[in-house]
file model-v2.txt (compact mmCIF, C-alpha atoms and all ligand atoms)
# COMPACT_ATOMS: atom_id res chain seq x y z
CA MET A 288 -130.54 118.03 0.75
CA LYS A 289 -133.34 116.83 -1.52
CA PRO A 290 -136.50 115.33 -0.06
CA LEU A 291 -136.40 111.56 0.30
CA VAL A 292 -139.15 109.36 -1.08
CA ALA A 293 -139.06 105.66 -0.21
CA ILE A 294 -140.83 102.96 -2.18
CA VAL A 295 -142.00 100.26 0.20
CA GLY A 296 -144.12 97.13 -0.06
CA ARG A 297 -143.90 93.40 0.00
CA PRO A 298 -141.76 91.56 -2.58
CA ASN A 299 -142.86 91.27 -6.18
CA VAL A 300 -145.40 94.09 -6.25
CA GLY A 301 -143.33 96.11 -8.72
CA LYS A 302 -141.29 98.47 -6.52
CA SER A 303 -138.12 98.16 -8.57
CA THR A 304 -140.02 98.49 -11.83
CA LEU A 305 -141.44 101.78 -10.56
CA PHE A 306 -138.08 102.88 -9.23
CA ASN A 307 -136.41 102.26 -12.59
CA ARG A 308 -139.16 104.16 -14.35
CA LEU A 309 -138.76 107.21 -12.12
CA ALA A 310 -135.03 107.15 -11.60
CA GLY A 311 -132.79 109.44 -13.51
CA ARG A 312 -129.16 109.17 -12.57
CA ARG A 313 -128.50 106.19 -10.38
CA LEU A 314 -126.64 107.19 -7.25
CA ALA A 315 -125.50 104.15 -5.45
CA LEU A 316 -126.18 100.73 -4.29
CA VAL A 317 -125.78 100.92 -0.58
CA GLU A 318 -125.06 97.74 1.24
CA ASP A 319 -125.91 98.15 4.85
CA GLU A 320 -124.82 96.14 7.82
CA PRO A 321 -125.62 92.50 7.16
CA GLY A 322 -128.46 91.18 9.21
CA VAL A 323 -129.69 94.60 10.23
CA THR A 324 -130.68 96.33 7.07
CA ARG A 325 -130.53 95.32 3.45
CA ASP A 326 -129.60 96.65 0.05
CA ARG A 327 -131.14 99.94 -0.83
CA HIS A 328 -130.93 101.65 -4.20
CA TYR A 329 -130.85 105.43 -4.29
CA ALA A 330 -131.53 107.54 -7.36
CA ASP A 331 -132.05 111.14 -8.27
CA ALA A 332 -135.44 111.84 -9.73
CA GLN A 333 -136.61 114.97 -11.45
CA TRP A 334 -140.20 115.90 -12.16
CA GLY A 335 -140.63 119.22 -13.89
CA ASP A 336 -138.72 121.63 -11.68
CA ARG A 337 -138.98 119.39 -8.61
CA ALA A 338 -136.12 117.19 -7.57
CA PHE A 339 -136.15 114.40 -5.04
CA THR A 340 -134.18 111.33 -4.07
CA LEU A 341 -135.86 108.00 -4.50
CA ILE A 342 -135.09 104.90 -2.45
CA ASP A 343 -135.96 101.42 -3.60
CA THR A 344 -136.24 99.38 -0.46
CA GLY A 345 -135.31 96.00 -1.75
CA GLY A 346 -135.20 93.27 0.14
CA PHE A 347 -136.36 90.01 0.89
CA VAL A 348 -133.48 87.60 1.20
CA PRO A 349 -134.73 84.07 0.62
CA GLY A 350 -133.43 81.45 2.99
CA GLU A 351 -132.63 83.88 5.76
CA LYS A 352 -133.91 83.05 9.17
CA ASP A 353 -136.11 86.14 9.30
CA SER A 354 -139.56 85.59 7.96
CA LEU A 355 -140.77 87.47 4.92
CA LEU A 356 -143.15 89.42 7.12
CA LYS A 357 -140.36 90.48 9.45
CA GLN A 358 -138.10 91.55 6.61
CA VAL A 359 -140.85 93.54 4.93
CA ARG A 360 -141.73 95.26 8.19
CA GLU A 361 -138.09 96.07 8.87
CA GLN A 362 -137.70 97.70 5.46
CA ALA A 363 -140.85 99.74 5.97
CA GLN A 364 -139.70 100.84 9.43
CA LEU A 365 -136.35 102.02 8.05
CA ALA A 366 -138.13 103.92 5.30
CA VAL A 367 -140.37 105.62 7.84
CA GLU A 368 -137.38 106.75 9.86
CA GLU A 369 -135.40 107.97 6.90
CA CYS A 370 -137.90 109.46 4.49
CA ASP A 371 -140.16 112.43 3.99
CA VAL A 372 -142.86 110.58 2.07
CA ILE A 373 -143.59 106.89 1.71
CA LEU A 374 -144.77 105.45 -1.57
CA PHE A 375 -146.50 102.24 -0.58
CA VAL A 376 -146.89 99.84 -3.50
CA THR A 377 -149.38 96.97 -3.49
CA ASP A 378 -150.37 94.47 -6.17
CA GLY A 379 -153.77 95.50 -7.43
CA ARG A 380 -154.31 92.16 -9.10
CA ALA A 381 -153.31 89.92 -6.22
CA GLY A 382 -155.31 91.96 -3.72
CA LEU A 383 -154.55 92.68 -0.10
CA THR A 384 -152.24 90.26 1.73
CA SER A 385 -151.16 89.92 5.34
CA ALA A 386 -147.77 91.42 4.46
CA ASP A 387 -149.55 94.48 3.02
CA GLU A 388 -151.59 94.78 6.21
CA ALA A 389 -148.47 94.55 8.36
CA VAL A 390 -146.86 97.38 6.41
CA ALA A 391 -150.06 99.41 6.50
CA GLY A 392 -150.29 99.13 10.28
CA LEU A 393 -146.77 100.36 10.71
CA LEU A 394 -147.29 103.24 8.29
CA ARG A 395 -150.53 104.33 10.00
CA LYS A 396 -148.74 104.50 13.35
CA SER A 397 -145.80 106.44 11.91
CA GLY A 398 -147.81 109.50 10.99
CA LYS A 399 -145.58 109.98 7.94
CA PRO A 400 -147.27 111.02 4.71
CA VAL A 401 -148.12 107.95 2.64
CA VAL A 402 -149.26 107.57 -0.95
CA VAL A 403 -150.73 104.16 -1.78
CA ALA A 404 -150.48 102.69 -5.27
CA ALA A 405 -152.23 99.58 -6.55
CA ASN A 406 -149.85 98.35 -9.22
CA LYS A 407 -150.20 95.90 -12.13
CA LEU A 408 -153.44 97.51 -13.22
CA ASP A 409 -152.55 97.35 -16.87
CA ASN A 410 -156.02 98.21 -18.12
CA ALA A 411 -159.03 100.22 -17.00
CA SER A 412 -161.23 97.30 -15.98
CA ASP A 413 -158.50 96.07 -13.62
CA SER A 414 -158.48 99.49 -11.98
CA MET A 415 -162.18 99.55 -11.27
CA GLN A 416 -161.98 96.30 -9.37
CA ALA A 417 -158.98 97.13 -7.22
CA LEU A 418 -160.15 100.57 -6.27
CA SER A 419 -163.56 99.41 -5.18
CA GLY A 420 -162.50 98.73 -1.67
CA GLU A 421 -160.02 96.45 -0.03
CA PHE A 422 -156.93 98.63 -0.31
CA PHE A 423 -158.86 101.70 0.75
CA ARG A 424 -159.84 99.90 3.94
CA MET A 425 -156.18 99.90 5.04
CA GLY A 426 -156.98 103.41 6.21
CA LEU A 427 -154.20 105.18 4.34
CA GLY A 428 -156.42 107.26 2.11
CA GLU A 429 -156.88 107.25 -1.60
CA VAL A 430 -155.46 104.35 -3.60
CA MET A 431 -153.94 105.28 -6.91
CA PRO A 432 -154.11 102.88 -9.85
CA LEU A 433 -150.75 102.18 -11.42
CA SER A 434 -149.12 100.10 -14.10
CA ALA A 435 -145.42 100.62 -13.52
CA GLU A 436 -144.64 98.31 -16.39
CA HIS A 437 -146.82 100.14 -18.91
CA ALA A 438 -146.31 103.60 -17.42
CA LEU A 439 -149.97 104.17 -16.62
CA GLY A 440 -150.89 106.41 -13.69
CA VAL A 441 -147.29 107.49 -13.16
CA PRO A 442 -147.79 111.27 -13.50
CA GLN A 443 -150.76 111.21 -11.12
CA LEU A 444 -148.77 109.19 -8.61
CA VAL A 445 -145.76 111.49 -8.70
CA GLU A 446 -147.99 114.56 -8.34
CA ALA A 447 -149.59 112.99 -5.27
CA VAL A 448 -146.16 112.35 -3.76
CA LEU A 449 -144.95 115.88 -4.48
CA ASP A 450 -148.15 117.32 -2.95
CA ARG A 451 -147.14 115.73 0.35
CA LEU A 452 -143.60 117.06 0.45
P1 LIG A 501 -140.40 94.28 -6.39
O1 LIG A 501 -140.00 92.96 -5.79
O2 LIG A 501 -141.52 94.89 -5.61
O3 LIG A 501 -139.25 95.22 -6.58
O4 LIG A 501 -141.03 93.96 -7.83
P2 LIG A 501 -140.34 94.03 -9.27
O5 LIG A 501 -140.26 95.44 -9.76
O6 LIG A 501 -139.10 93.24 -9.27
O7 LIG A 501 -141.46 93.31 -10.16
C1 LIG A 501 -141.94 92.00 -9.86
C2 LIG A 501 -142.64 91.42 -11.07
O8 LIG A 501 -143.83 92.17 -11.36
C3 LIG A 501 -141.80 91.49 -12.35
O9 LIG A 501 -142.01 90.30 -13.08
C4 LIG A 501 -142.37 92.69 -13.08
O10 LIG A 501 -142.19 92.59 -14.47
C5 LIG A 501 -143.82 92.63 -12.70
N1 LIG A 501 -144.49 93.94 -12.76
C6 LIG A 501 -144.05 95.11 -12.26
N2 LIG A 501 -144.89 96.11 -12.55
C7 LIG A 501 -145.90 95.57 -13.28
C8 LIG A 501 -147.09 96.11 -13.89
O11 LIG A 501 -147.40 97.30 -13.85
N3 LIG A 501 -147.90 95.21 -14.52
C9 LIG A 501 -147.61 93.88 -14.61
N4 LIG A 501 -148.46 93.11 -15.26
N5 LIG A 501 -146.49 93.35 -14.06
C10 LIG A 501 -145.65 94.18 -13.41
MG MG A 502 -137.25 95.04 -6.01
call {"tool": "encode", "arguments": {"input": "model-v2.txt", "output": "structure tokens"}}
result
Amino acid sequence: MKPLVAIVGRPNVGKSTLFNRLAGRRLALVEDEPGVTRDRHYADAQWGDRAFTLIDTGGFVPGEKDSLLKQVREQAQLAVEECDVILFVTDGRAGLTSADEAVAGLLRKSGKPVVVAANKLDNASDSMQALSGEFFRMGLGEVMPLSAEHALGVPQLVEAVLDRL
């Protein structure tokens, strides 16, 4: 079985954009038990001679009784249980939010290897700002600048993930 890498983070940070960029052959859309877990997309990914399976932890379901925070935490918890490495995506433009901090707390406790990406850093000056502190203070190590949309920082990010497998 290939190593499992889960992409986690609050809604709208760019998880699916990153997933689509890294995914080769799409495996399946897995619909889990309603109310317990939510849709997860699995894909094969290949990087040089390294293969892994990528999971896009989707979602927030608007209008459900569970709060956004609870849903995001639940997704992160499932990822922790299931995966070998967590790829934690944040929005480098929006900055740190309480949902990010909730996920970070859970990931710190898990002891699982985590790679943190600050996404939406579409140019170099954006990067400087985001990396100068607040995400680093989550205590999950280095924060890697990323623009999933423009494919910036992707090789560095994947190398960091593979280093932790
Ligand atoms: P998810 O909810 O975390 O899966 O986020 P999505 O991948 O659906 O992306 C949410 C929004 O952010 C979409 O409008 C994307 O086009 C946008 N987005 C994703 N990555 C980037 C990026 O690197 N730069 C910018 N500027 N926007 C991005
Ligand atoms: Mg998504």
call {"tool": "residues_near_point", "arguments": {"input": "model-v2.txt", "point": "(-145.9, 94.4, 0.1)", "cutoff": "7 Å", "atoms": "all atoms listed in the file", "output": "JSON, numbers by chain"}}
result
{"A": [296, 297, 298, 300, 376, 377, 386, 387]}
call {"tool": "residues_near_point", "arguments": {"input": "model-v2.txt", "point": "(-146.8, 115.2, -10.0)", "cutoff": "12 Å", "atoms": "only C-alpha atoms", "output": "list in words"}}
result
Leu309, Ala332, Gln333, Trp334, Gly335, Asp336, Arg337, Ala338, Phe339, Gly440, Val441, Pro442, Gln443, Leu444, Val445, Glu446, Ala447, Val448, Leu449, Asp450, Arg451 and Leu452 of chain A
call {"tool": "residues_near_ligand", "arguments": {"input": "model-v2.txt", "ligand": "ligand LIG 501 (chain A)", "cutoff": "6 Å", "atoms": "all atoms listed in the file", "output": "list in words"}}
result
Pro298, Asn299, Val300, Gly301, Lys302, Ser303, Thr304, Asn406, Lys407, Asp409, Ser434, Ala435, Glu436 and His437 of chain A
call {"tool": "residues_around", "arguments": {"input": "model-v2.txt", "residues": "Gln364 of chain A", "least_positions_apart": "3", "cutoff": "9 Å", "atoms": "only C-alpha atoms", "output": "MDAnalysis selection string"}}
result
chainID A and resid 359:361 367:369 390 393:394 397
call {"tool": "atom_distance", "arguments": {"input": "model-v2.txt", "atom1": "atom CA of Ile294 of chain A", "atom2": "atom CA of Leu365 of chain A"}}
result
11.2 Å
call {"tool": "atom_distance", "arguments": {"input": "model-v2.txt", "atom1": "atom CA of Pro290 of chain A", "atom2": "atom CA of Gly379 of chain A"}}
result
27.3 Å
call {"tool": "closest_residue", "arguments": {"input": "model-v2.txt", "among": "A:Ala330, A:Ala391, A:Ile342, A:Ala411", "to": "ligand MG 502 (chain A)", "atoms": "only C-alpha atoms and all ligand atoms"}}
result
A:Ile342
call {"tool": "atom_distance", "arguments": {"input": "model-v2.txt", "atom1": "atom CA of Lys289 of chain A", "atom2": "atom CA of Leu374 of chain A"}}
result
16.1 Å
call {"tool": "closest_residue", "arguments": {"input": "model-v2.txt", "among": "A:Leu356, A:Met431, A:Met288, A:Ala363", "to": "Asp331 of chain A", "atoms": "only C-alpha atoms"}}
result
A:Met288
call {"tool": "decode", "arguments": {"input": "model-v2.txt", "residues": "segment 360-446 of chain A", "atoms": "C-alpha atoms", "output": "mmCIF file, in the first residue's frame"}}
result
data_model
loop_
_atom_site.group_PDB
_atom_site.id
_atom_site.type_symbol
_atom_site.label_atom_id
_atom_site.label_comp_id
_atom_site.auth_asym_id
_atom_site.auth_seq_id
_atom_site.Cartn_x
_atom_site.Cartn_y
_atom_site.Cartn_z
ATOM 1 C CA ARG A 360 -11.680 19.616 13.322
ATOM 2 C CA GLU A 361 -13.453 16.377 12.476
ATOM 3 C CA GLN A 362 -11.854 16.265 9.035
ATOM 4 C CA ALA A 363 -8.427 16.926 10.503
ATOM 5 C CA GLN A 364 -8.920 14.224 13.141
ATOM 6 C CA LEU A 365 -9.858 11.662 10.485
ATOM 7 C CA ALA A 366 -6.824 12.624 8.447
ATOM 8 C CA VAL A 367 -4.581 12.180 11.466
ATOM 9 C CA GLU A 368 -5.935 8.701 12.081
ATOM 10 C CA GLU A 369 -5.725 7.602 8.482
ATOM 11 C CA CYS A 370 -2.599 9.199 7.071
ATOM 12 C CA ASP A 371 1.164 9.020 7.182
ATOM 13 C CA VAL A 372 1.773 12.718 6.623
ATOM 14 C CA ILE A 373 -0.517 15.717 6.932
ATOM 15 C CA LEU A 374 -0.294 18.589 4.511
ATOM 16 C CA PHE A 375 -1.839 21.488 6.387
ATOM 17 C CA VAL A 376 -2.908 24.311 4.090
ATOM 18 C CA THR A 377 -3.545 27.845 5.321
ATOM 19 C CA ASP A 378 -4.356 31.061 3.478
ATOM 20 C CA GLY A 379 -1.221 33.165 3.520
ATOM 21 C CA ARG A 380 -3.141 36.261 2.509
ATOM 22 C CA ALA A 381 -5.975 35.998 4.999
ATOM 23 C CA GLY A 382 -3.615 35.186 7.855
ATOM 24 C CA LEU A 383 -4.181 32.939 10.827
ATOM 25 C CA THR A 384 -7.793 32.272 11.864
ATOM 26 C CA SER A 385 -9.365 30.476 14.812
ATOM 27 C CA ALA A 386 -10.182 27.513 12.562
ATOM 28 C CA ASP A 387 -6.486 27.276 11.613
ATOM 29 C CA GLU A 388 -5.548 27.353 15.293
ATOM 30 C CA ALA A 389 -8.050 24.620 16.110
ATOM 31 C CA VAL A 390 -6.553 22.384 13.429
ATOM 32 C CA ALA A 391 -3.024 23.242 14.534
ATOM 33 C CA GLY A 392 -3.775 22.251 18.123
ATOM 34 C CA LEU A 393 -5.101 18.909 17.054
ATOM 35 C CA LEU A 394 -2.154 18.272 14.747
ATOM 36 C CA ARG A 395 0.389 19.177 17.449
ATOM 37 C CA LYS A 396 -1.190 16.674 19.827
ATOM 38 C CA SER A 397 -1.290 13.936 17.196
ATOM 39 C CA GLY A 398 2.455 13.661 16.820
ATOM 40 C CA LYS A 399 1.970 12.908 13.119
ATOM 41 C CA PRO A 400 4.393 14.523 10.684
ATOM 42 C CA VAL A 401 2.946 17.799 9.408
ATOM 43 C CA VAL A 402 4.006 20.083 6.576
ATOM 44 C CA VAL A 403 2.470 23.564 6.709
ATOM 45 C CA ALA A 404 1.821 25.554 3.548
ATOM 46 C CA ALA A 405 0.770 29.195 3.342
ATOM 47 C CA ASN A 406 -1.183 29.296 0.095
ATOM 48 C CA LYS A 407 -2.313 32.118 -2.210
ATOM 49 C CA LEU A 408 1.127 33.681 -2.128
ATOM 50 C CA ASP A 409 1.090 34.459 -5.806
ATOM 51 C CA ASN A 410 4.139 36.718 -5.725
ATOM 52 C CA ALA A 411 7.340 37.094 -3.749
ATOM 53 C CA SER A 412 6.311 40.108 -1.682
ATOM 54 C CA ASP A 413 3.253 38.204 -0.435
ATOM 55 C CA SER A 414 5.556 35.429 0.734
ATOM 56 C CA MET A 415 7.782 37.665 2.790
ATOM 57 C CA GLN A 416 4.847 38.944 4.778
ATOM 58 C CA ALA A 417 3.228 35.603 5.528
ATOM 59 C CA LEU A 418 6.410 33.872 6.518
ATOM 60 C CA SER A 419 7.453 36.560 8.935
ATOM 61 C CA GLY A 420 5.650 35.040 11.822
ATOM 62 C CA GLU A 421 2.086 34.233 12.608
ATOM 63 C CA PHE A 422 1.864 30.821 10.962
ATOM 64 C CA PHE A 423 5.220 29.803 12.365
ATOM 65 C CA ARG A 424 3.890 30.507 15.855
ATOM 66 C CA MET A 425 1.418 27.624 15.475
ATOM 67 C CA GLY A 426 4.383 25.504 16.508
ATOM 68 C CA LEU A 427 4.328 23.136 13.554
ATOM 69 C CA GLY A 428 7.688 24.098 12.144
ATOM 70 C CA GLU A 429 8.631 25.721 8.914
ATOM 71 C CA VAL A 430 5.888 27.306 6.819
ATOM 72 C CA MET A 431 6.239 26.832 3.107
ATOM 73 C CA PRO A 432 5.033 29.517 0.703
ATOM 74 C CA LEU A 433 2.688 28.231 -1.958
ATOM 75 C CA SER A 434 0.563 29.378 -4.836
ATOM 76 C CA ALA A 435 -1.452 26.323 -5.757
ATOM 77 C CA GLU A 436 -3.190 28.274 -8.479
ATOM 78 C CA HIS A 437 0.010 29.473 -10.142
ATOM 79 C CA ALA A 438 2.063 26.385 -9.305
ATOM 80 C CA LEU A 439 4.636 28.243 -7.222
ATOM 81 C CA GLY A 440 6.396 26.412 -4.404
ATOM 82 C CA VAL A 441 4.880 23.070 -5.387
ATOM 83 C CA PRO A 442 8.129 21.105 -5.881
ATOM 84 C CA GLN A 443 9.515 22.336 -2.555
ATOM 85 C CA LEU A 444 6.297 21.393 -0.810
ATOM 86 C CA VAL A 445 6.185 17.894 -2.262
ATOM 87 C CA GLU A 446 9.848 17.327 -1.381
#
